[in-house]
Amino acid sequence: MSGNMNLTLKVWRQKNDKTRGKFVTYQANGISSDMSFLEMLDVVNEDLVRKGEDPIHFDHDCREGICGMCSLHINGRPHGPKQGTTTCQLHMRSFHDGQTIVIEPWRAAAFPVIKDLAVDRSAFDRIQQAGGYINVNTGGVPDANGIPIPKIVADEAFESATCIGCGACVAACKNASAMLFVSAKISQYALLPQGQTERYSRAQAMVAQMDAEGFGSCTNTGACEAECPVGIKLTNIARMNREYLGAKILKQVEPH
Amino acid sequence: MLDSKVPAGPLAEKWSKHKFNLKLVNPANKRKYTIIVVGTGLAGSSAAASLAELGYNVKAFCYQDSPRRAHSIAAQGGINAAKNYQNDGDSVFRLFYDTVKGGDYRSREANVHRLAEVSVNIIDQCVAQGVPFAREYGGLLDNRSFGGAQVSRTFYARGQTGQQLLLGAYSALNRQINKGTVKMYNRHEMLDLVTIDGHARGIITRDMVTGAIESHEGHAVLLCTGGYGNVFFLSTNAMGCNVTAAWRAHKRGALFANPCYTQIHPTCIPVTGDHQSKLTLMSESLRNDGRVWVPKTVELAQKLRKGELKIADIKEQDRDYYLERKYPSFGNLVPRDVASRNAKEVVDEGRGVGASGIAVFLDFEDAIKRLGEDTVRAKYGNLFDMYYQITDENPYKQPMRIYPAVHYTMGGVWVDYNLMTTVPGLYALGECNFSDHGANRLGASALMQGLADGYFVIPYTVGDYLAGLGFAPVDKNHPNFEITRTEVEKRVRKLLSLKGSKTVDDIHKKLGHIMWEYCGMARNEAGLTKAKGLIQELRREFWNDVTVLGENEEMNQSLEKAGRVADFLELGELMVDDALNRRESCGGHFREESQTEEGEAKRNDEDFSYVAAWEYKGEDQPEVLHKEALVFENVKLTQRSYK
Ligand SMILES: Cc1cc2nc3c(=O)[nH]c(=O)nc-3n(C[C@H](O)[C@H](O)[C@H](O)COP(=O)(O)OP(=O)(O)OC[C@H]3O[C@@H](n4cnc5c(N)ncnc54)[C@H](O)[C@@H]3O)c2cc1C
Ligand code: SF4
Ligand code: FES
């Protein structure tokens with residue numbers, strides 16, 4: 001069940017966004033294949049702390065693939081070699097004894113490094129703030145069953161809504177485009193009856209913010225979809241383009 | 001000292017009457033008040049958004065890099081609401097009744113009834129925000145029955161209900177951030193509470209990127225900081241979940257209620273080794289079809305653990321389906337606390353399975369024979385996959401191994417009916433308060449409580465307090481801001497000066513072992529007394545021999561952890577004191593001295609029908625117990641039995 005492995009890690013270390021970073025090599029010995037990838041880093045960090053060296057900083061919280069806080073480029077792939085998983089769900093049995101593992105932060109101009117492997121993804125929040133909501137106050141809303149929604153529509157909206165906001169799509173894209181992330185939210189609301197009134201202004205506002213944050217454009221390579229840990233589909237991008245186009249045609253600018 | 005402020009009158013009218021009697025703040029004056037909201041989980045996001053919509057200035061804080069990542073995001077199963085869409089006999093009163101009974105009669109009737117009343121508004125609100133709940137083919141909302149409830153009142157979004165509800169609240173919060181009514185502070189950790197003349201007037205935070213230690217002033221402070229399950233080191237909580245904000249408030253005068261009430265969930269994936277950093281929950285629904293067993297004898301269990309026997313070698317007559325044997329009418333579906341305690345019992349006897357021996361089997365062989373693999377896959381496929389992913393064992397081919405894990409904390413900051421703590425102007429919402437779940441929380445009711453508090457309770461009650469204050473802005477230059485800030489800085493410096501031989505995790509793991517061993521599912525006087533000594537010793541070890549690296553003026557995860565563990569070390573001792581005081585078995589807690597002749601939990605309503613609220617008295621001083629008597633006028637107290 002639990003074989004022990006010895007691994008070589010090449011880890012990106014960078015004190016802060018003002019200093020230059022570099023790769024530092026560490027040995028990770030006696031790693032059990034039952035450990036998660038982040039637990040393997042915990043073990044390395046405990047050793048570093050015992051030696052009085054600053055531990056490797058990385059973002060993480062839920063460690064069950066849902067909060068979207070963990071990141072890490074592992075051997076050139078966001079969230080590592082396994083499809084459909086986040087870094088925190090990756091287990092060491094996906095690696096073999098003697099392997100060298102290169103660990104880097106997300107690389108994108110819009111995601112500056114804070115320290116080591118932790119980056120600043122607040123650009124994602126600002127895009128959501130620009131229009132990722134339905135304008136409704138607390139209270140005074142209709143009964144939840146007042147507007148039936150066909151199951152297939154609700155299910156499709158749900159699929160889009162499962163984006164965890166991790167940023168792997170941006171990290172995977174050679175243009176560092178955020179289209180998959182943005183389109184997932186736009187799709188969720190465009191599909192639901194509650195989202196109709198503001199569908200065009202929402203698309204405009206979110207796309208404008210996405211551009212302002214310095215994300216690149218989409219050239220349809222599909223790398224984002226391939227690396228998305230929760231399987232957000234490229235069809236969302238197509239839908240977003242339609243919404244955005246609709247907004248331009250209608251020149252409809254509602255207040256936000 | 002403890003006035004619950006529960007309004008008089010019939011139960012079903014209390015909340016509406018109370019709302020009418022609460023003072024209001026004139027719409028034009030609301031912007032003159034600033035409200036600080038610490039935490040952006042379901043409770044915090046919903047509160048911050050709703051208060052900003054009303055016109056208040058809001059400052060919101062979270063320790064993650066985005067408000068969307070609060071641990072509410074991880075809730076799987078669903079959220080209860082007394083909609084009675086299924087026409088199966090549900091009602092506000094039934095939800096109220098089930099919740100009070102489920103809490104083993106240790107919660108406040110009036111609060112629980114209000115929770116049941118507003119539950120129906122929550123679902124309306126979430127749907128209007130675009131939360132994609134599961135639906136039936138006709139387009140209406142789907143429900144399921146959860147945690148042994150007799151009615152189908154649980155709304156859900158596949159296995160990601162918490163995620164969808166939180167993203168809904170996050171969207172409402174974003175809307176207000178965009179309008180400039182909420183100022184959001186990500187990666188900021190609250191490290192202390194500032195009080196002026198006994199009223200909460202601000203907080204001290206550390207910017208987790210720059211290390212800046214800052215004061216923030218406000219007319220009211222809302223703690224929405226979640227639960228403290230991580231005192232056990234291993235739990236289903238996220239790595240960063242902590243008690244620091246609540247604990248600092250406690251040390252500034254907020255009483256802490258029922259700290260020993262923790263919920264231990266029976267179906268989690270067991271620990272595999274010392275490296276383990278957290279535990280993963282497997283939905284309780286698995287017990288609908290899985291059968292729980294261990295080998296009948298210690299010898300067989302030992303052989304199995306050593307690999308001398310395979311699971312298939314254990315004959316049917318050598319398997320002990322202990323839940324079915326002991327509780328013939330409920331079998332594998334006994335409530336969480338009973339299932340957990342029995343698993344611990346068989347493991348303690350030496351009959352546990354898996355390499356560590358700290359697990360029991362949850363077997364689907366019969367279900368697969370009866371229903372076919374496809375049906376089982378349709379029902380539980382995603383859970384089986386998750387299990388396989390983590391353990392590398394195929395549950396279609398061999399039984400799952402499960403073991404109980406710490407999951408939720410019912411205890412928390414004491415609040416009155418208005419959700420105000422014993423510090424005027426300081427409120428506590430969501431898992432961080434103690435109020436609605438008594439000694440045991442029912443499945444799908446924490447999400448309900450977080451959103452009830454944030455969307456539908458606090459917007460009314462906070463106004464009542466603010467209306468009495470006058471419009472003067474909080475005096476930023478009051479010396480208490482500087483005094484408290486300096487104390488925080490001093491504490492940070494002290495932590496950074498520690499250069500011993502132990503890591504913070506070493507100490508945290510030890511604390512976790514002590515808590516689990518002596519203050520977990522089963523407790524007794526001798527064990528608890530021992531634990532108290534061990535924790536005191538461990539606290540000394542922490543302050544003498546732990547090492548904290550780096551400096552303050554940078555992202556410093558060593559420092560963050562150290563601060564949190566220092567507070568857990570203090571909380572742990574209070575939990576033990578509280579457990580020592582409560583000489584009865586209730587909810588999830590089996591006090592060995594209080595059991596029936598058949599060895600089942602025995603509540604003692606005569607002596608313990610009260611909320612135990614603890615008052616901090618100073619460094620190394622024993623805390624003082626205050627009792628809020630619980631009065632039951634609408635439900636009859638009964639002893640639970642599942643035989
Ligand atoms: C795995 C799992 C599954 C669950 N499933 C269900 C379910 O199906 N149904 C159900 O009803 N309940 C469920 N629960 C329980 C429920 O999810 C939680 O009780 C609830 O979501 C807590 O919400 P909250 O808003 O109180 O706190 P949280 O969501 O934990 O939010 C806490 C917030 O406080 C912030 N914070 C904490 N400390 C500080 C500090 N010092 N400074 C600044 N900010 C701070 C955090 O950043 C965060 O924003 C589950 C829990 C777990 C762990
Ligand atoms: S679309 Fe996928 S990869 Fe991109 S942020 Fe969302 S979950 Fe992450
Ligand atoms: S840590 Fe939450 S998704 Fe990985």
# chains A, B, ... in the order shown; residues from 1 in each chain; ligands from 1
>>> interface_residues(of="chain A", to="chain B", cutoff="6 Å", atoms="only C-alpha atoms", output="PyMOL selection string")
chain A and resi 61-62+67+129+133-134+138+143-145+148-151+154+158
>>> residues_near_ligand(ligand="ligand 1", cutoff="7 Å", atoms="only C-alpha atoms and all ligand atoms", output="PyMOL selection string")
chain B and resi 38-44+61-64+67+69-79+161-162+188-191+224-227+236-237+241-245+280-281+407-408+429-432+443-448+450
>>> atom_distance(atom1="CA of Thr8 (chain A)", atom2="CA of Arg77 (chain A)")
17.3 Å
>>> closest_atom_pairs(of="chain A", to="ligand 2", cutoff="9 Å", atoms="only C-alpha atoms and all ligand atoms", output="CSV")
residue,atom,partner,partner_atom_place_in_ligand_line,distance
A:Gly68,CA,ligand 2,8 (Fe),7.0
A:Pro78,CA,ligand 2,3 (S),8.6
A:Thr86,CA,ligand 2,8 (Fe),8.8
A:Phe124,CA,ligand 2,5 (S),8.5
A:Ser160,CA,ligand 2,1 (S),8.5
A:Ala161,CA,ligand 2,6 (Fe),8.9
A:Thr162,CA,ligand 2,7 (S),7.1
A:Cys163,CA,ligand 2,6 (Fe),3.9
A:Ile164,CA,ligand 2,7 (S),4.3
A:Gly165,CA,ligand 2,5 (S),3.7
A:Cys166,CA,ligand 2,8 (Fe),4.0
A:Gly167,CA,ligand 2,5 (S),4.0
A:Ala168,CA,ligand 2,3 (S),4.0
A:Cys169,CA,ligand 2,3 (S),3.9
A:Val170,CA,ligand 2,4 (Fe),6.6
A:Ala171,CA,ligand 2,3 (S),8.3
A:Ala172,CA,ligand 2,3 (S),8.3
A:Ala178,CA,ligand 2,4 (Fe),7.3
A:Met179,CA,ligand 2,1 (S),8.1
A:Leu180,CA,ligand 2,1 (S),4.8
A:Phe181,CA,ligand 2,1 (S),4.0
A:Val182,CA,ligand 2,1 (S),7.7
A:Ser183,CA,ligand 2,1 (S),8.2
A:Ala184,CA,ligand 2,1 (S),6.6
A:Cys224,CA,ligand 2,3 (S),6.3
A:Glu225,CA,ligand 2,2 (Fe),7.1
A:Ala226,CA,ligand 2,3 (S),8.8
A:Glu227,CA,ligand 2,3 (S),6.3
A:Cys228,CA,ligand 2,3 (S),3.7
A:Pro229,CA,ligand 2,2 (Fe),5.8
A:Val230,CA,ligand 2,7 (S),5.5
A:Gly231,CA,ligand 2,2 (Fe),6.5
A:Ile232,CA,ligand 2,1 (S),5.4
A:Lys233,CA,ligand 2,1 (S),8.1
>>> write_last_selection(atoms="N, CA, C and O atoms", output="tab-separated table (two decimals), in the first residue's frame")
chain	number	residue	atom	x	y	z
A	68	GLY	N	-10.44	26.16	-3.93
A	68	GLY	CA	-9.71	26.81	-5.02
A	68	GLY	C	-8.48	27.57	-4.57
A	68	GLY	O	-7.88	28.31	-5.34
A	78	PRO	N	-0.40	22.80	-14.49
A	78	PRO	CA	-1.14	23.32	-13.35
A	78	PRO	C	-1.84	22.18	-12.61
A	78	PRO	O	-2.45	21.32	-13.26
A	86	THR	N	-7.31	18.87	-8.20
A	86	THR	CA	-6.52	20.01	-7.73
A	86	THR	C	-5.24	19.48	-7.09
A	86	THR	O	-5.14	18.28	-6.80
A	124	PHE	N	-9.19	38.13	-10.09
A	124	PHE	CA	-10.39	37.32	-10.25
A	124	PHE	C	-11.56	37.91	-9.47
A	124	PHE	O	-12.69	37.95	-9.94
A	160	SER	N	-21.62	25.07	-14.86
A	160	SER	CA	-20.81	26.27	-15.01
A	160	SER	C	-20.48	26.88	-13.65
A	160	SER	O	-19.43	27.47	-13.45
A	161	ALA	N	-21.42	26.72	-12.72
A	161	ALA	CA	-21.24	27.35	-11.41
A	161	ALA	C	-20.23	26.64	-10.53
A	161	ALA	O	-19.88	27.12	-9.46
A	162	THR	N	-19.73	25.47	-10.98
A	162	THR	CA	-18.83	24.72	-10.11
A	162	THR	C	-17.38	25.20	-10.18
A	162	THR	O	-16.52	24.67	-9.49
A	163	CYS	N	-17.11	26.20	-11.01
A	163	CYS	CA	-15.74	26.75	-11.08
A	163	CYS	C	-15.27	27.12	-9.67
A	163	CYS	O	-16.00	27.75	-8.92
A	164	ILE	N	-14.06	26.69	-9.32
A	164	ILE	CA	-13.55	26.97	-7.97
A	164	ILE	C	-12.64	28.20	-7.92
A	164	ILE	O	-12.07	28.51	-6.88
A	165	GLY	N	-12.49	28.87	-9.05
A	165	GLY	CA	-11.71	30.12	-9.04
A	165	GLY	C	-10.23	29.94	-8.74
A	165	GLY	O	-9.61	30.79	-8.11
A	166	CYS	N	-9.67	28.81	-9.20
A	166	CYS	CA	-8.28	28.52	-8.83
A	166	CYS	C	-7.28	29.25	-9.71
A	166	CYS	O	-6.16	29.55	-9.28
A	167	GLY	N	-7.63	29.47	-10.97
A	167	GLY	CA	-6.71	30.15	-11.88
A	167	GLY	C	-5.86	29.22	-12.72
A	167	GLY	O	-4.99	29.67	-13.47
A	168	ALA	N	-6.11	27.92	-12.65
A	168	ALA	CA	-5.32	26.98	-13.45
A	168	ALA	C	-5.49	27.24	-14.94
A	168	ALA	O	-4.57	27.06	-15.73
A	169	CYS	N	-6.69	27.68	-15.31
A	169	CYS	CA	-6.96	27.95	-16.73
A	169	CYS	C	-6.02	29.06	-17.24
A	169	CYS	O	-5.49	28.97	-18.35
A	170	VAL	N	-5.81	30.07	-16.41
A	170	VAL	CA	-4.91	31.16	-16.79
A	170	VAL	C	-3.48	30.65	-16.86
A	170	VAL	O	-2.74	30.92	-17.80
A	171	ALA	N	-3.12	29.86	-15.85
A	171	ALA	CA	-1.75	29.35	-15.79
A	171	ALA	C	-1.46	28.41	-16.96
A	171	ALA	O	-0.32	28.32	-17.43
A	172	ALA	N	-2.49	27.71	-17.45
A	172	ALA	CA	-2.28	26.75	-18.52
A	172	ALA	C	-2.16	27.43	-19.89
A	172	ALA	O	-1.59	26.88	-20.81
A	178	ALA	N	-8.11	34.62	-19.26
A	178	ALA	CA	-9.02	34.23	-18.16
A	178	ALA	C	-10.41	33.90	-18.67
A	178	ALA	O	-11.37	33.89	-17.91
A	179	MET	N	-10.50	33.63	-19.98
A	179	MET	CA	-11.82	33.46	-20.59
A	179	MET	C	-12.63	32.33	-19.97
A	179	MET	O	-13.84	32.44	-19.82
A	180	LEU	N	-11.97	31.21	-19.63
A	180	LEU	CA	-12.75	30.08	-19.11
A	180	LEU	C	-13.40	30.46	-17.78
A	180	LEU	O	-14.59	30.21	-17.56
A	181	PHE	N	-12.61	31.08	-16.94
A	181	PHE	CA	-13.12	31.51	-15.63
A	181	PHE	C	-14.28	32.50	-15.78
A	181	PHE	O	-15.34	32.35	-15.17
A	182	VAL	N	-14.08	33.52	-16.60
A	182	VAL	CA	-15.10	34.56	-16.75
A	182	VAL	C	-16.35	33.99	-17.41
A	182	VAL	O	-17.49	34.26	-17.00
A	183	SER	N	-16.14	33.15	-18.42
A	183	SER	CA	-17.30	32.63	-19.15
A	183	SER	C	-18.14	31.70	-18.30
A	183	SER	O	-19.35	31.58	-18.50
A	184	ALA	N	-17.51	31.04	-17.34
A	184	ALA	CA	-18.27	30.12	-16.50
A	184	ALA	C	-19.32	30.90	-15.72
A	184	ALA	O	-20.48	30.50	-15.62
A	224	CYS	N	-6.88	25.47	-21.38
A	224	CYS	CA	-7.59	25.76	-20.13
A	224	CYS	C	-8.52	24.61	-19.77
A	224	CYS	O	-8.52	24.10	-18.65
A	225	GLU	N	-9.31	24.19	-20.73
A	225	GLU	CA	-10.27	23.12	-20.47
A	225	GLU	C	-9.56	21.84	-20.05
A	225	GLU	O	-9.99	21.15	-19.13
A	226	ALA	N	-8.42	21.57	-20.69
A	226	ALA	CA	-7.69	20.35	-20.39
A	226	ALA	C	-7.15	20.36	-18.96
A	226	ALA	O	-7.02	19.31	-18.34
A	227	GLU	N	-6.83	21.53	-18.43
A	227	GLU	CA	-6.23	21.58	-17.10
A	227	GLU	C	-7.22	21.97	-16.01
A	227	GLU	O	-6.87	21.97	-14.83
A	228	CYS	N	-8.42	22.34	-16.37
A	228	CYS	CA	-9.38	22.74	-15.34
A	228	CYS	C	-9.70	21.56	-14.42
A	228	CYS	O	-10.14	20.53	-14.90
A	229	PRO	N	-9.49	21.71	-13.12
A	229	PRO	CA	-9.68	20.57	-12.22
A	229	PRO	C	-11.14	20.14	-12.08
A	229	PRO	O	-11.41	19.03	-11.65
A	230	VAL	N	-12.09	21.02	-12.42
A	230	VAL	CA	-13.49	20.62	-12.25
A	230	VAL	C	-14.22	20.47	-13.58
A	230	VAL	O	-15.45	20.32	-13.60
A	231	GLY	N	-13.48	20.50	-14.68
A	231	GLY	CA	-14.09	20.19	-15.98
A	231	GLY	C	-14.99	21.27	-16.54
A	231	GLY	O	-16.00	20.96	-17.19
A	232	ILE	N	-14.67	22.54	-16.33
A	232	ILE	CA	-15.43	23.62	-16.97
A	232	ILE	C	-15.17	23.54	-18.49
A	232	ILE	O	-14.03	23.43	-18.93
A	233	LYS	N	-16.26	23.59	-19.26
A	233	LYS	CA	-16.17	23.31	-20.70
A	233	LYS	C	-15.94	24.57	-21.55
A	233	LYS	O	-16.40	25.65	-21.22
>>> select_by_dssp(residues="region 131-338 of chain B", states="strand (DSSP E)", output="PyMOL selection string")
chain B and resi 154-155+182-185+188-196+199-207+213-217+220-223+256-257+262-268+291-295+319-320
>>> write_last_selection(atoms="C-alpha atoms", output="PDB file, in the first residue's frame")
ATOM      1  CA  THR B 154     -33.165  19.216   2.483  1.00  0.00           C
ATOM      2  CA  PHE B 155     -32.354  21.376  -0.548  1.00  0.00           C
ATOM      3  CA  VAL B 182     -18.349  47.205   1.534  1.00  0.00           C
ATOM      4  CA  LYS B 183     -14.614  47.513   1.786  1.00  0.00           C
ATOM      5  CA  MET B 184     -13.130  44.046   1.601  1.00  0.00           C
ATOM      6  CA  TYR B 185      -9.855  43.102   3.307  1.00  0.00           C
ATOM      7  CA  HIS B 188      -6.169  39.947   6.917  1.00  0.00           C
ATOM      8  CA  GLU B 189      -6.328  38.121  10.216  1.00  0.00           C
ATOM      9  CA  MET B 190      -8.114  39.571  13.207  1.00  0.00           C
ATOM     10  CA  LEU B 191      -5.794  39.352  16.183  1.00  0.00           C
ATOM     11  CA  ASP B 192      -7.669  41.333  18.807  1.00  0.00           C
ATOM     12  CA  LEU B 193     -10.807  43.219  19.732  1.00  0.00           C
ATOM     13  CA  VAL B 194     -10.770  46.865  20.795  1.00  0.00           C
ATOM     14  CA  THR B 195     -13.275  47.919  23.418  1.00  0.00           C
ATOM     15  CA  ILE B 196     -14.030  51.428  24.653  1.00  0.00           C
ATOM     16  CA  HIS B 199     -18.324  48.415  24.075  1.00  0.00           C
ATOM     17  CA  ALA B 200     -16.795  46.789  20.994  1.00  0.00           C
ATOM     18  CA  ARG B 201     -15.393  49.590  18.859  1.00  0.00           C
ATOM     19  CA  GLY B 202     -12.898  47.976  16.557  1.00  0.00           C
ATOM     20  CA  ILE B 203     -10.426  45.254  15.801  1.00  0.00           C
ATOM     21  CA  ILE B 204      -6.708  44.838  15.289  1.00  0.00           C
ATOM     22  CA  THR B 205      -5.640  42.933  12.201  1.00  0.00           C
ATOM     23  CA  ARG B 206      -2.433  41.720  10.638  1.00  0.00           C
ATOM     24  CA  ASP B 207      -2.034  42.106   6.898  1.00  0.00           C
ATOM     25  CA  ILE B 213      -0.626  45.544  12.171  1.00  0.00           C
ATOM     26  CA  GLU B 214      -3.566  47.890  11.812  1.00  0.00           C
ATOM     27  CA  SER B 215      -6.540  49.200  13.791  1.00  0.00           C
ATOM     28  CA  HIS B 216     -10.013  49.361  12.276  1.00  0.00           C
ATOM     29  CA  GLU B 217     -12.797  51.216  14.023  1.00  0.00           C
ATOM     30  CA  ALA B 220     -20.291  47.308  15.928  1.00  0.00           C
ATOM     31  CA  VAL B 221     -18.201  44.201  15.319  1.00  0.00           C
ATOM     32  CA  LEU B 222     -19.649  40.944  13.949  1.00  0.00           C
ATOM     33  CA  LEU B 223     -17.651  37.782  14.488  1.00  0.00           C
ATOM     34  CA  PHE B 256     -17.687  31.403  25.748  1.00  0.00           C
ATOM     35  CA  ALA B 257     -20.513  28.865  25.896  1.00  0.00           C
ATOM     36  CA  THR B 262     -18.060  19.130  19.438  1.00  0.00           C
ATOM     37  CA  GLN B 263     -19.579  16.978  16.766  1.00  0.00           C
ATOM     38  CA  ILE B 264     -17.760  13.886  15.681  1.00  0.00           C
ATOM     39  CA  HIS B 265     -18.883  12.617  12.324  1.00  0.00           C
ATOM     40  CA  PRO B 266     -18.904   8.825  11.935  1.00  0.00           C
ATOM     41  CA  THR B 267     -18.021   8.427   8.264  1.00  0.00           C
ATOM     42  CA  CYS B 268     -14.636   9.916   7.453  1.00  0.00           C
ATOM     43  CA  ARG B 291     -23.056  -2.303   6.492  1.00  0.00           C
ATOM     44  CA  VAL B 292     -20.654  -1.536   9.297  1.00  0.00           C
ATOM     45  CA  TRP B 293     -18.597  -4.401  10.719  1.00  0.00           C
ATOM     46  CA  VAL B 294     -15.341  -5.518  12.340  1.00  0.00           C
ATOM     47  CA  PRO B 295     -14.022  -9.046  12.995  1.00  0.00           C
ATOM     48  CA  ARG B 319     -17.993 -10.749  11.297  1.00  0.00           C
ATOM     49  CA  ASP B 320     -19.607  -8.536  13.919  1.00  0.00           C
TER      50      ASP B 320
END
>>> residues_around(residues="region 579-581 of chain B", least_positions_apart="6", cutoff="10 Å", atoms="only C-alpha atoms", output="PyMOL selection string")
chain B and resi 258-261+518-520+523-529+532+573+589+591+608+612+625
>>> residues_around(residues="Ala130 (chain A)", least_positions_apart="5", cutoff="7 Å", atoms="only C-alpha atoms", output="list of chain:residue names")
A:Ala205, A:Met206, A:Gln209, B:Asn178
>>> closest_residue(among="B:Glu299, B:Asp416, B:Glu597, B:Glu541", to="Arg351 (chain B)", atoms="only C-alpha atoms")
B:Glu299
>>> closest_residue(among="A:Pro55, A:Gly80, A:Gly246, A:Gly30", to="Ala190 (chain A)", atoms="only C-alpha atoms")
A:Gly246
>>> closest_residue(among="A:Glu64, A:Glu104, A:Asp116, A:Ile56", to="Asn16 (chain A)", atoms="only C-alpha atoms")
A:Asp116
>>> select_by_dssp(residues="region 2-246 of chain A", states="alpha helix (DSSP H)", output="JSON, numbers by chain")
{"A": [37, 38, 39, 40, 41, 42, 43, 44, 45, 46, 47, 48, 49, 50, 122, 123, 124, 125, 126, 127, 128, 129, 130, 131, 151, 152, 153, 154, 155, 156, 157, 158, 159, 160, 161, 168, 169, 170, 171, 172, 179, 180, 181, 182, 183, 184, 185, 186, 187, 188, 189, 190, 191, 199, 200, 201, 202, 203, 204, 205, 206, 207, 208, 209, 210, 211, 212, 223, 224, 225, 226, 227, 235, 236, 237, 238, 239, 240, 241, 242, 243, 244, 245, 246]}
>>> atom_distance(atom1="CA of Thr375 (chain B)", atom2="CA of Asp155 (chain A)")
20.7 Å
>>> closest_residue(among="A:Ser36, A:Pro81, A:Gln89, A:Asn6", to="ligand 3", atoms="only C-alpha atoms and all ligand atoms")
A:Gln89
>>> closest_residue(among="B:Ser497, B:Ser107, B:Ser16, B:Ser145", to="Ser285 (chain B)", atoms="only C-alpha atoms")
B:Ser145
>>> atom_distance(atom1="CA of Gln150 (chain B)", atom2="CA of Phe93 (chain B)")
13.8 Å
>>> residues_around(residues="Val298 (chain B)", least_positions_apart="5", cutoff="10 Å", atoms="only C-alpha atoms", output="JSON list (two decimals) with N, CA and C atoms, in the first residue's frame")
[["chain", "number", "residue", "atom", "x", "y", "z"],
["B", 303, "LYS", "N", -4.69, -10.60, 12.77],
["B", 303, "LYS", "CA", -4.21, -11.30, 11.56],
["B", 303, "LYS", "C", -4.53, -10.51, 10.30],
["B", 304, "LEU", "N", -5.70, -9.91, 10.32],
["B", 304, "LEU", "CA", -6.12, -9.11, 9.16],
["B", 304, "LEU", "C", -5.19, -7.90, 9.01],
["B", 346, "VAL", "N", -15.23, -0.45, 19.46],
["B", 346, "VAL", "CA", -14.67, -1.69, 18.90],
["B", 346, "VAL", "C", -13.17, -1.53, 18.58],
["B", 347, "VAL", "N", -12.78, -0.33, 18.21],
["B", 347, "VAL", "CA", -11.36, -0.10, 17.94],
["B", 347, "VAL", "C", -10.57, -0.17, 19.25],
["B", 349, "GLU", "N", -11.26, -1.93, 21.71],
["B", 349, "GLU", "CA", -11.18, -3.35, 22.10],
["B", 349, "GLU", "C", -10.09, -4.09, 21.32],
["B", 350, "GLY", "N", -9.55, -3.45, 20.30],
["B", 350, "GLY", "CA", -8.51, -4.10, 19.51],
["B", 350, "GLY", "C", -9.07, -4.78, 18.26],
["B", 351, "ARG", "N", -10.33, -4.47, 17.92],
["B", 351, "ARG", "CA", -10.92, -5.15, 16.77],
["B", 351, "ARG", "C", -10.96, -4.28, 15.51],
["B", 352, "GLY", "N", -10.22, -3.18, 15.55],
["B", 352, "GLY", "CA", -10.20, -2.27, 14.40],
["B", 352, "GLY", "C", -9.49, -2.89, 13.20]]
>>> residues_around(residues="Ala118 (chain A)", least_positions_apart="3", cutoff="9 Å", atoms="only C-alpha atoms", output="CSV table (one decimal) with N, CA, C and O atoms, in the first residue's frame")
chain,number,residue,atom,x,y,z
A,57,HIS,N,6.5,28.6,1.1
A,57,HIS,CA,5.2,29.2,1.2
A,57,HIS,C,4.3,28.8,0.0
A,57,HIS,O,4.7,29.0,-1.1
A,58,PHE,N,3.1,28.3,0.3
A,58,PHE,CA,2.2,28.0,-0.8
A,58,PHE,C,0.8,28.2,-0.2
A,58,PHE,O,0.6,28.1,1.0
A,59,ASP,N,-0.2,28.5,-1.1
A,59,ASP,CA,-1.5,28.7,-0.7
A,59,ASP,C,-2.3,27.4,-0.7
A,59,ASP,O,-2.1,26.5,-1.5
A,70,CYS,N,-5.5,26.3,-3.4
A,70,CYS,CA,-4.2,25.7,-3.8
A,70,CYS,C,-3.9,26.0,-5.2
A,70,CYS,O,-4.8,26.1,-6.0
A,71,SER,N,-2.6,26.0,-5.6
A,71,SER,CA,-2.3,26.3,-7.0
A,71,SER,C,-1.2,25.3,-7.4
A,71,SER,O,-1.4,24.1,-7.4
A,72,LEU,N,0.0,25.8,-7.7
A,72,LEU,CA,1.2,25.0,-8.1
A,72,LEU,C,1.2,24.5,-9.5
A,72,LEU,O,0.3,23.7,-9.9
A,105,PRO,N,5.2,28.6,-9.1
A,105,PRO,CA,3.9,29.2,-8.9
A,105,PRO,C,3.1,29.4,-10.3
A,105,PRO,O,3.7,29.1,-11.3
A,106,TRP,N,1.9,29.8,-10.2
A,106,TRP,CA,1.2,30.2,-11.5
A,106,TRP,C,2.0,31.3,-12.1
A,106,TRP,O,2.4,32.2,-11.4
A,112,PRO,N,0.7,38.3,-9.9
A,112,PRO,CA,2.0,38.5,-9.4
A,112,PRO,C,2.3,37.6,-8.2
A,112,PRO,O,1.5,37.3,-7.4
A,113,VAL,N,3.6,37.2,-8.1
A,113,VAL,CA,4.0,36.3,-7.0
A,113,VAL,C,4.0,37.2,-5.7
A,113,VAL,O,4.5,38.3,-5.6
A,114,ILE,N,3.5,36.6,-4.6
A,114,ILE,CA,3.6,37.2,-3.3
A,114,ILE,C,4.8,36.7,-2.6
A,114,ILE,O,5.6,37.5,-2.1
A,115,LYS,N,4.9,35.4,-2.5
A,115,LYS,CA,6.1,34.8,-1.9
A,115,LYS,C,6.1,33.3,-2.4
A,115,LYS,O,5.1,32.6,-2.3
